[in-house]
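S.K.: The structure that follows is given in the form of structure tokens.
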Amino acid sequence: MKRFLGFVKKEFFHIFRDYRTVIVLFGMPIVQIMMFGYAINTDLKDAHIAILDQSKDEITTKLTQKIISSGYFKLNANLSSAQDIEPNFRKGKIKEVIIFEENFAKKLKKDGTAGIQLIADASDPNNANLIVNYTYAIINNYQVELMGKQQIPFQIKPQVRMYYNPEMKSVFMFIPGIITILLMLVSAMMTSISIAREKELGTMEVLLVSPLKPGLIIAGKVIPYVFLAFINAITIILLGQFVFGMHIAGSYFLLMMVCLLFIITALSFGIFISTVASNQMTAMLISFAGLLLPVILLSGFIFPVENMPLVLQWLSYIIPAKWFLIIIKAITLKGLGLAYIWKELLILVGMTVFLIMLSAKKFKIRLE
Amino acid sequence: MRTILFLIQKEFIQIKRNKAMLPIMLVMPIIQLIILVNAATFEMKHIRLLVVDKDMSTVSRDIYSKFSSSPFYTITGSTFNNDEAEESLKKGNTDMVLVIPEHFERTLRKENKADLQLLVNAINAASAGLVNAYSVSILLDYNMGLVAKWANIPGNITSQTIKTTYSYWYNPELNYKNYMVPGILVMLVTIIGLFLSGLNIVREKEIGTIEQINITPIKKYQFIIGKLFPFWLIALFELAFGLLLGKLIFQIPIIGNVFLLFGFAAIYLILVLSIGLFISTVNNTQQQAMFITWFFMVIFILMSGLFTPVESMPQWAQNLNIINPVAYFIQVTRMVLLKGSGFSDILRPMISISIYAVLMMSFAVWRYRKVS
């Protein structure tokens with residue numbers, strides 16, 4: 001036991017002597033959560049638009065004002081002819097052009113109808129869709145204003161309630177995601193690289209001839225990372241709570257235990273990778289291509305899994321992060337207890353056991 | 001010149017001999033493109049809807065069939081019990097619950113208006129917004145039809161209508177894949193360039209072979225060119241390979257001039273490789289270098305507008321993008337491939353990136369020391 005503790009101490013020294021990595025290790029969760037909280041969101045804001053007003057009467061000016069003052073749009077240019085549209089789009093300066101037809105107000109009064117054309121730059125299809133829908137809604141609102149006091153009969157009024165996230169803050173969605181990514185990075189990637197490093201530098205041999213059992217060597221390598229990853233998880237949760245006002249609905253204890261379980265799952269992944277990879281570069285590339293990208297993309301962190309093709313949905317079942325995300329969202333946002341998440345927990349435990357057994361089988365104590 | 005050629009040859013032999021590297025370099029783009037492009041979709045299909053119809057009238061049944069016939073919704077069931085519906089939301093089996101209260105039709109006829117409830121699971125705020133927008137527009141649509149049917153005063157209400165038509169340029173079918181493929185290509189090329197160059201020199205340092213090179217008469221610039229040129233070539237090859245895959249598998253449009261894109265990529269890669277070189281010179285172990293590279297990579301990619309529009313970010317974050325190389329390349333790749341932007345359209349980012357590349361390269365070369 002004393003030998004083992006000495007080994008763990010050595011690993012800690014290894015990590016903490018490299019102050020740059022330590023700074024990144026502890027700085028990363030803070031920077032990422034700040035970025036997601038403040039910088040990155042999918043809400044429409046200040047989309048640059050251009051207006052081609054061929055009529056320039058009171059109604060079109062008023063509508064233009066309404067659109068610009070909505071906060072969603074920012075007027076970038078007033079175009080004078082339809083030929084200017086294409087070059088402006090190509091320069092990437094604007095996302096939408098609003099075209100009022102000639103004699104707009106006159107036609108509206110006389111014929112009872114007048115036309116507006118919206119052209120969106122759909123090279124970003126989602127954004128284009130949003131922009132058109134928002135513009136449409138503003139024009140519709142104005143239309144209702146125009147109709148004035150005319151009462152519309154038989155109105156169906158939908159009352160919308162947003163469950164679990166009434167203010168629709170995207171940061172709450174991202175916090176569980178960041179926890180997942182960081183735990184995966186610190187646990188799986190760092191351990192796989194640190195074990196591969198011993199192999200590459202040849203110090204693994206030194207460890208293997210020592211009286212310490214191979215299992216204990218690996219455990220000793222892994223324990224410091226459990227510790228670091230756990231601190232990271234707590235940092236993110238605290239930041240989410242105190243900086244962004246995330247309310248943790250469920251039990252803290254359960255949350256911590258689940259984080260610990262996931263750290264162990266990720267670590268067993270890292271150990272498995274290190275049994276396959278012989279040098280750090282390979283370990284890094286495998287962790288990157290095999291772990292981080294699927295974690296970011298297939299876990300439902302940014303993109304909802306339900307919208308993916310079936311094959312990818314099946315693929316997502318074997319990704320531990322997906323189950324962890326489900327659990328962590330259930331605990332933090334929905335406030336659910338064990339009764340709702342035991343299935344997902346069992347899956348994670350099963351995966352961990354499987355990975356550890358697999359790596360134990362693949363782990364070679366002899367040199368090639 | 002001959003020295004450089006030999007160095008380049010040495011690098012290529014090393015890359016070739018590394019058994020894991022080549023497959024990863026060839027397989028990674030394929031897997032990334034196929035998985036990422038299919039996975040990265042915000043399109044809402046199959047919104048799982050649970051209906052609580054307590055009214056059981058003609059109107060409520062009509063509303064039900066409006067939703068069930070929409071391609072966006074999959075009706076997972078119906079119940080009369082509110083608790084059961086909430087339970088289903090909790091378990092995550094449903095994305096939205098539509099509650100039509102008792103006497104809905106009667107209230108609608110009598111009081112001219114009636115309420116119904118939409119309960120949306122808003123954990124994913126972005127998709128909740130979309131779900132909400134779709135549902136409200138379906139209801140509005142139905143409501144308009146109903147008013148026309150019941151009220152018999154069509155001319156009166158539609159006295160002054162503004163007719164809004166819209167068209168989506170460059171991607172009329174709103175195919176999200178067209179948007180994602182160029183972005184993912186950029187990510188791929190950047191990852192390859194940054195990681196290969198960032199880890200390579202550090203590796204020589206860590207293993208100790210850098211000393212052997214340092215004592216030879218090879219000049220600083222020769223060594224750096226010899227190191228970086230192979231990666232520059234590999235990254236450009238990856239871009240071509242990825243572009244070909246994108247064209248063959250996803251039929252992405254290539255409207256602009258491909259050579260223009262490669263010209264930009266050539267300069268961009270010099271920048272990326274210089275950043276990698278810089279990381280290489282300031283770190284001592286591969287683990288350190290990898291970690292720092294990864295850290296910047298994530299920030300660069302998330303801020304670049306790959307997944308979320310740059311305009312939605314606050315001004316300070318947009319200003320930060322001036323030093324984000326990925327943002328430039330993503331913007332230009334999308335402009336050239338999807339919109340056919342020409343040389344004059346991308347001149348500004350081109351100049352910025354060239355200056356940036358020169359600065360970064362000189363900085364990295366200056367920082368690199370032959371003596372340890």
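If you're wondering about the labels, chains in the structure tokens are A, B, ... by order shown, residues count from 1 in each chain, ligands from 1 in order shown.
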Output as a VMD selection string the set of chain A residues within 6 Å of chain B, with distances taken over only C-alpha atoms.
M.R.: chain A and resid 21 39 to 40 42 44 to 45 90 to 91 112 to 125 153 to 163 165 168 170 173 303 307 to 308
S.K.: Show me, as a list in words, the residues that have an atom within 7 Å of range 259-264 of chain A when counting only C-alpha atoms, minus same-chain residues fewer than 6 positions from it.
M.R.: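 Neighbouring residues, sequence-local ones excluded: Leu183, Ser187, Val226, Phe230 and Phe324 of chain A.
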S.K.: Between CA of Gly6 in chain A and CA of Gly215 in chain A, what is the distance, to one decimal in Å?
M.R.: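 Between CA of Gly6 in chain A and CA of Gly215 in chain A the gap works out to 15.2 Å.
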S.K.: Please report, as a tab-separated table, each residue of range 154-242 of chain A lying at most 9 Å from range 282-291 of chain A, together with the nearest pair of atoms and the separation in Å rounded to one decimal; use only C-alpha atoms, and order rows by chain and ascending residue number.
M.R.:
```
residue	atom	partner	partner_atom	distance
A:Met184	CA	A:Leu291	CA	7.8
A:Leu185	CA	A:Ser287	CA	8.6
A:Ala188	CA	A:Ser287	CA	7.3
A:Met189	CA	A:Ser287	CA	5.7
A:Met190	CA	A:Met284	CA	8.7
A:Ser192	CA	A:Ala283	CA	6.2
A:Ile193	CA	A:Ala283	CA	5.8
A:Ala196	CA	A:Ala283	CA	6.8
```
S.K.: So which bits of range 128-259 of chain B end up strand (DSSP E or B) when you DSSP the backbone, as a ChimeraX atom specification?
M.R.: /B:161-169
S.K.: Within range 28-210 of chain B, find each residue whose DSSP state, derived from the backbone, is helix (DSSP H, G or I), and express the selection as an NGL selection string.
M.R.: :B and (28-39 or 58-69 or 82-91 or 104-111 or 125-151 or 154-157 or 176-207 or 209-210)
S.K.: Only C-alpha atoms, please: the residues just picked out, written as a short mmCIF file (atom, residue, chain, number, x, y, z; two decimals), in the first residue's frame.
M.R.:
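Okay, selection_39.cif is ready:
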```
data_model
loop_
_atom_site.label_atom_id
_atom_site.label_comp_id
_atom_site.auth_asym_id
_atom_site.auth_seq_id
_atom_site.Cartn_x
_atom_site.Cartn_y
_atom_site.Cartn_z
CA MET B 28 -10.52 10.28 -40.43
CA PRO B 29 -11.85 12.57 -43.15
CA ILE B 30 -14.21 9.91 -44.43
CA ILE B 31 -15.61 9.10 -41.02
CA GLN B 32 -15.74 12.71 -39.97
CA LEU B 33 -17.55 13.81 -43.07
CA ILE B 34 -20.07 11.00 -43.05
CA ILE B 35 -20.80 11.04 -39.35
CA LEU B 36 -20.43 14.70 -38.61
CA VAL B 37 -22.43 15.95 -41.53
CA ASN B 38 -25.27 13.58 -40.80
CA ALA B 39 -25.13 14.23 -37.10
CA THR B 58 -64.89 18.36 -34.21
CA VAL B 59 -62.47 21.22 -33.70
CA SER B 60 -60.18 19.29 -31.39
CA ARG B 61 -60.15 16.35 -33.76
CA ASP B 62 -59.34 18.68 -36.65
CA ILE B 63 -56.44 20.16 -34.71
CA TYR B 64 -55.23 16.67 -33.94
CA SER B 65 -55.26 15.70 -37.58
CA LYS B 66 -53.48 18.94 -38.54
CA PHE B 67 -50.60 17.93 -36.34
CA SER B 68 -50.61 14.29 -37.33
CA SER B 69 -50.51 15.14 -41.01
CA ASN B 82 -52.48 15.69 -17.34
CA ASP B 83 -50.21 13.91 -14.88
CA GLU B 84 -49.52 11.17 -17.33
CA ALA B 85 -48.51 13.76 -19.90
CA GLU B 86 -46.15 15.47 -17.49
CA GLU B 87 -44.67 12.14 -16.55
CA SER B 88 -43.94 11.50 -20.19
CA LEU B 89 -42.18 14.88 -20.48
CA LYS B 90 -40.15 14.06 -17.41
CA LYS B 91 -39.04 10.73 -18.73
CA PHE B 104 -62.99 23.96 -26.08
CA GLU B 105 -65.26 24.19 -29.10
CA ARG B 106 -68.17 25.51 -27.07
CA THR B 107 -66.05 28.26 -25.54
CA LEU B 108 -64.67 29.13 -28.94
CA ARG B 109 -68.14 29.57 -30.42
CA LYS B 110 -69.60 31.36 -27.42
CA GLU B 111 -66.83 33.69 -26.28
CA ALA B 125 -33.61 26.08 -25.99
CA ALA B 126 -32.88 26.25 -29.69
CA SER B 127 -35.06 23.34 -30.69
CA ALA B 128 -37.76 24.33 -28.20
CA GLY B 129 -37.97 27.66 -30.00
CA LEU B 130 -38.41 25.90 -33.31
CA VAL B 131 -40.99 23.47 -31.94
CA ASN B 132 -42.92 26.38 -30.56
CA ALA B 133 -42.76 28.32 -33.83
CA TYR B 134 -43.94 25.35 -35.89
CA SER B 135 -46.79 24.55 -33.56
CA VAL B 136 -48.05 28.09 -33.29
CA SER B 137 -47.95 28.49 -37.04
CA ILE B 138 -49.91 25.27 -37.54
CA LEU B 139 -52.54 26.49 -35.09
CA LEU B 140 -52.65 29.92 -36.69
CA ASP B 141 -53.10 28.36 -40.07
CA TYR B 142 -55.96 26.22 -38.83
CA ASN B 143 -57.49 29.20 -37.06
CA MET B 144 -57.53 31.26 -40.26
CA GLY B 145 -59.32 28.48 -42.08
CA LEU B 146 -61.80 28.13 -39.26
CA VAL B 147 -62.57 31.83 -39.19
CA ALA B 148 -63.22 31.85 -42.92
CA LYS B 149 -65.51 28.81 -42.58
CA TRP B 150 -67.54 29.99 -39.63
CA ALA B 151 -67.70 33.70 -40.17
CA PRO B 154 -63.99 36.94 -45.92
CA GLY B 155 -63.93 40.21 -47.85
CA ASN B 156 -64.24 42.38 -44.81
CA ILE B 157 -61.33 41.03 -42.86
CA TYR B 176 -28.27 21.90 -44.00
CA LYS B 177 -25.61 19.54 -45.31
CA ASN B 178 -24.49 22.06 -47.90
CA TYR B 179 -23.73 24.37 -45.04
CA MET B 180 -22.00 21.83 -42.84
CA VAL B 181 -19.70 20.12 -45.34
CA PRO B 182 -17.51 23.17 -46.03
CA GLY B 183 -17.31 23.92 -42.33
CA ILE B 184 -16.29 20.39 -41.47
CA LEU B 185 -13.67 20.41 -44.20
CA VAL B 186 -12.16 23.47 -42.61
CA MET B 187 -12.14 21.78 -39.23
CA LEU B 188 -10.48 18.73 -40.69
CA VAL B 189 -7.72 20.63 -42.45
CA THR B 190 -7.09 22.75 -39.37
CA ILE B 191 -6.91 19.77 -37.03
CA ILE B 192 -4.50 17.93 -39.29
CA GLY B 193 -2.29 20.97 -39.83
CA LEU B 194 -2.24 22.19 -36.26
CA PHE B 195 -1.76 18.86 -34.53
CA LEU B 196 0.81 17.44 -36.90
CA SER B 197 3.00 20.52 -36.79
CA GLY B 198 2.32 21.21 -33.14
CA LEU B 199 3.38 17.76 -32.00
CA ASN B 200 6.14 17.02 -34.44
CA ILE B 201 9.04 19.15 -33.26
CA VAL B 202 8.08 18.59 -29.64
CA ARG B 203 8.37 14.90 -30.29
CA GLU B 204 11.92 15.29 -31.55
CA LYS B 205 12.65 17.33 -28.45
CA GLU B 206 11.12 14.77 -26.13
CA ILE B 207 12.88 11.82 -27.68
CA THR B 209 16.67 13.54 -31.65
CA ILE B 210 16.48 17.31 -31.97
#
```
S.K.: Do a neighbour search on Ile248 in chain A at 10 Å with only C-alpha atoms, toss out local chain neighbours closer than 6 positions, and write the hits as an NGL selection string.
M.R.: :A and (237 or 240-241 or 255 or 329 or 331-335)
S.K.: Atoms to include: C-alpha atoms. Write the selected residues as a CSV table (one decimal), in the first residue's frame.
M.R.:
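Final output, again21.csv:
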```
chain,number,residue,atom,x,y,z
A,237,ILE,CA,-21.3,23.1,-11.6
A,240,GLY,CA,-23.2,27.4,-13.7
A,241,GLN,CA,-25.0,27.9,-10.4
A,255,LEU,CA,-25.0,14.4,-9.1
A,329,LYS,CA,-29.9,16.7,-17.5
A,331,ILE,CA,-30.8,15.5,-12.3
A,332,THR,CA,-29.9,19.2,-12.8
A,333,LEU,CA,-32.7,20.4,-14.9
A,334,LYS,CA,-35.6,18.1,-14.3
A,335,GLY,CA,-34.8,17.3,-10.7
```
S.K.: Considering only C-alpha atoms, can you say which of A:Ile139, A:Ile99, A:Ile33, A:Ile319 comes closest to Leu52 in chain A?
M.R.: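 Going through A:Ile139, A:Ile99, A:Ile33, A:Ile319 one by one, the smallest distance to Leu52 in chain A is for A:Ile99.
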S.K.: How many Å separate CA of Phe250 in chain B from CA of Trp232 in chain B?
M.R.: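 A separation of 26.1 Å between them.
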S.K.: Skip range 71-86 of chain A itself and residues of its chain fewer than 6 positions away, then list as an MDAnalysis selection string all residues within 9 Å of it, counting only C-alpha atoms.
M.R.: chainID A and resid 44:54 93:94 97 99 131 134:135
S.K.: Which of these, A:Pro166, A:Gly177, A:Gly337, A:Pro320, has the shortest distance to Ser251 in chain A once you count only C-alpha atoms?
M.R.: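 Using only C-alpha atoms, Ser251 in chain A sits closest to A:Gly337.
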S.K.: Contacts of range 294-296 of chain A at 7 Å or less, counting only C-alpha atoms, minus same-chain residues fewer than 4 places along, as number ranges by chain?
M.R.: A: 181, 290, 301, 321
S.K.: For the residues in that selection, give me C-alpha atoms as a PDB file, in the first residue's frame.
M.R.:
```pdb
ATOM      1  CA  ILE A 181     -16.460  17.081 -22.735  1.00  0.00           C
ATOM      2  CA  GLY A 290     -12.707   8.146 -31.518  1.00  0.00           C
ATOM      3  CA  PHE A 301     -24.695  18.037 -26.703  1.00  0.00           C
ATOM      4  CA  ALA A 321     -21.437  10.386 -22.990  1.00  0.00           C
TER       5      ALA A 321
END
```
S.K.: So how far away is CA of Asn232 in chain A from CA of Tyr340 in chain A, in Å?
M.R.: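 CA of Tyr340 in chain A sits 26.0 Å away from CA of Asn232 in chain A.
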S.K.: Rank A:Tyr252, A:Tyr38, A:Lys364, A:Phe242 by their smallest atom-to-atom distance to Val276 in chain A, using only C-alpha atoms, and report the top residue only.
M.R.: A:Lys364
